$ cat coords.pdb   # PDB, C-alpha atoms, pLDDT in the B column
ATOM      1  CA  MET A  76     -40.807   3.905 325.570  1.00 55.00           C
ATOM      2  CA  ALA A  77     -37.568   3.735 323.574  1.00 57.00           C
ATOM      3  CA  ALA A  78     -38.593   0.357 322.159  1.00 59.00           C
ATOM      4  CA  ARG A  79     -41.830   1.819 320.773  1.00 65.00           C
ATOM      5  CA  THR A  80     -39.982   4.706 319.165  1.00 63.00           C
ATOM      6  CA  ALA A  81     -37.522   2.315 317.515  1.00 59.00           C
ATOM      7  CA  GLU A  82     -40.418   0.128 316.353  1.00 64.00           C
ATOM      8  CA  LYS A  83     -42.159   3.103 314.756  1.00 64.00           C
ATOM      9  CA  ALA A  84     -38.937   4.146 313.057  1.00 66.00           C
ATOM     10  CA  LYS A  85     -38.713   0.731 311.340  1.00 76.00           C
ATOM     11  CA  ARG A  86     -42.178   1.003 309.813  1.00 81.00           C
ATOM     12  CA  ARG A  87     -42.362   1.920 306.179  1.00 83.00           C
ATOM     13  CA  GLU A  88     -44.502   4.802 305.058  1.00 89.00           C
ATOM     14  CA  LEU A  89     -47.797   3.762 303.490  1.00 91.00           C
ATOM     15  CA  GLY A  90     -48.008   4.483 299.781  1.00 92.00           C
ATOM     16  CA  PHE A  91     -50.346   3.809 296.874  1.00 92.00           C
ATOM     17  CA  VAL A  92     -50.501   3.712 293.090  1.00 93.00           C
ATOM     18  CA  CYS A  93     -53.601   4.839 291.226  1.00 95.00           C
ATOM     19  CA  TYR A  94     -54.213   2.893 287.998  1.00 96.00           C
ATOM     20  CA  MET A  95     -56.387   4.021 285.124  1.00 94.00           C
ATOM     21  CA  ILE A  96     -58.065   1.698 282.644  1.00 93.00           C
ATOM     22  CA  LEU A  97     -57.789   3.254 279.198  1.00 91.00           C
ATOM     23  CA  GLU A  98     -60.357   2.995 276.398  1.00 88.00           C
ATOM     24  CA  ASP A  99     -58.295   0.245 274.760  1.00 94.00           C
ATOM     25  CA  GLY A 100     -58.373  -1.827 277.973  1.00 95.00           C
ATOM     26  CA  ASN A 101     -54.748  -1.209 278.979  1.00 95.00           C
ATOM     27  CA  THR A 102     -54.063  -0.410 282.635  1.00 96.00           C
ATOM     28  CA  VAL A 103     -51.601   2.420 283.288  1.00 96.00           C
ATOM     29  CA  PRO A 104     -50.434   4.148 286.495  1.00 97.00           C
ATOM     30  CA  PHE A 105     -51.976   7.632 286.682  1.00 95.00           C
ATOM     31  CA  GLU A 106     -48.518   9.223 286.869  1.00 95.00           C
ATOM     32  CA  GLU A 107     -47.674   7.770 283.449  1.00 96.00           C
ATOM     33  CA  LEU A 108     -50.662   9.240 281.612  1.00 96.00           C
ATOM     34  CA  THR A 109     -49.927  11.739 278.878  1.00 95.00           C
ATOM     35  CA  GLU A 110     -51.232  15.271 279.319  1.00 97.00           C
ATOM     36  CA  GLU A 111     -53.912  14.516 276.705  1.00 95.00           C
ATOM     37  CA  GLN A 112     -55.036  11.424 278.650  1.00 94.00           C
ATOM     38  CA  ARG A 113     -55.124  13.404 281.907  1.00 95.00           C
ATOM     39  CA  GLN A 114     -57.216  16.108 280.254  1.00 96.00           C
ATOM     40  CA  ARG A 115     -59.639  13.496 278.904  1.00 93.00           C
ATOM     41  CA  PHE A 116     -59.866  11.980 282.414  1.00 93.00           C
ATOM     42  CA  ARG A 117     -60.643  15.404 283.945  1.00 95.00           C
ATOM     43  CA  GLU A 118     -63.341  16.075 281.352  1.00 96.00           C
ATOM     44  CA  ASN A 119     -64.950  12.645 281.823  1.00 94.00           C
ATOM     45  CA  ALA A 120     -64.803  12.891 285.623  1.00 95.00           C
ATOM     46  CA  ALA A 121     -66.348  16.369 285.556  1.00 98.00           C
ATOM     47  CA  ALA A 122     -69.152  15.189 283.245  1.00 98.00           C
ATOM     48  CA  ARG A 123     -69.917  12.153 285.457  1.00 97.00           C
ATOM     49  CA  LEU A 124     -69.897  14.273 288.611  1.00 97.00           C
ATOM     50  CA  SER A 125     -72.192  16.843 287.005  1.00 97.00           C
ATOM     51  CA  ALA A 126     -74.639  14.126 285.913  1.00 97.00           C
ATOM     52  CA  ARG A 127     -74.667  12.477 289.359  1.00 97.00           C
ATOM     53  CA  MET A 128     -75.169  15.814 291.154  1.00 95.00           C
ATOM     54  CA  SER A 129     -77.975  16.698 288.753  1.00 95.00           C
ATOM     55  CA  ASP A 130     -79.630  13.324 289.393  1.00 96.00           C
ATOM     56  CA  TYR A 131     -79.312  13.778 293.157  1.00 95.00           C
ATOM     57  CA  TYR A 132     -80.764  17.292 293.247  1.00 93.00           C
ATOM     58  CA  THR A 133     -83.565  16.288 290.880  1.00 94.00           C
ATOM     59  CA  GLN A 134     -84.536  13.578 293.373  1.00 94.00           C
ATOM     60  CA  HIS A 135     -83.894  15.778 296.473  1.00 92.00           C
ATOM     61  CA  PRO A 136     -84.896  19.355 295.517  1.00 90.00           C
ATOM     62  CA  THR A 137     -85.075  20.467 299.152  1.00 90.00           C
ATOM     63  CA  GLU A 138     -81.308  19.921 299.465  1.00 87.00           C
ATOM     64  CA  ILE A 139     -80.493  22.739 297.040  1.00 83.00           C
ATOM     65  CA  GLY A 140     -78.908  25.639 298.855  1.00 77.00           C
ATOM     66  CA  ASN A 141     -78.485  23.835 302.177  1.00 67.00           C
TER
END

$ encode --input "coords.pdb" --output "structure tokens"
Amino acid sequence: MAARTAEKAKRRELGFVCYMILEDGNTVPFEELTEEQRQRFRENAAARLSARMSDYYTQHPTEIGN
């Protein structure tokens, strides 16, 4: 039992980095985006989500309100 606990203690915590591809083709970690770039990302993501949800509910009208 003690060996398993020691083994778990040696493991590193899993981490990740989210990269964004900018309009100019550069790749930047999300944490390094300027506030203007983050705002543009939020607006674009919201517009894409809205379009996809609209497409889905247009094709599946019985799902509205479920």

$ atom_distance --input "coords.pdb" --atom1 "atom CA of A:Leu89" --atom2 "atom CA of A:Leu108"
22.7 Å

$ atom_distance --input "coords.pdb" --atom1 "atom CA of A:Tyr132" --atom2 "atom CA of A:Met95"
28.9 Å

$ residues_around --input "coords.pdb" --residues "A:Ile96" --least-positions-apart "4" --cutoff "12 Å" --atoms "all atoms listed in the file" --output "PyMOL selection string"
chain A and resi 100-105+108+112+116

$ atom_distance --input "coords.pdb" --atom1 "atom CA of A:Val92" --atom2 "atom CA of A:Glu107"
10.8 Å

$ axis_aligned_box --input "coords.pdb" --around "stretch 94-108 of chain A" --padding-each-side "6 Å" --output "AutoDock Vina command-line options"
--center_x -54.0 --center_y 3.7 --center_z 281.4 --size_x 24.7 --size_y 23.1 --size_z 25.2
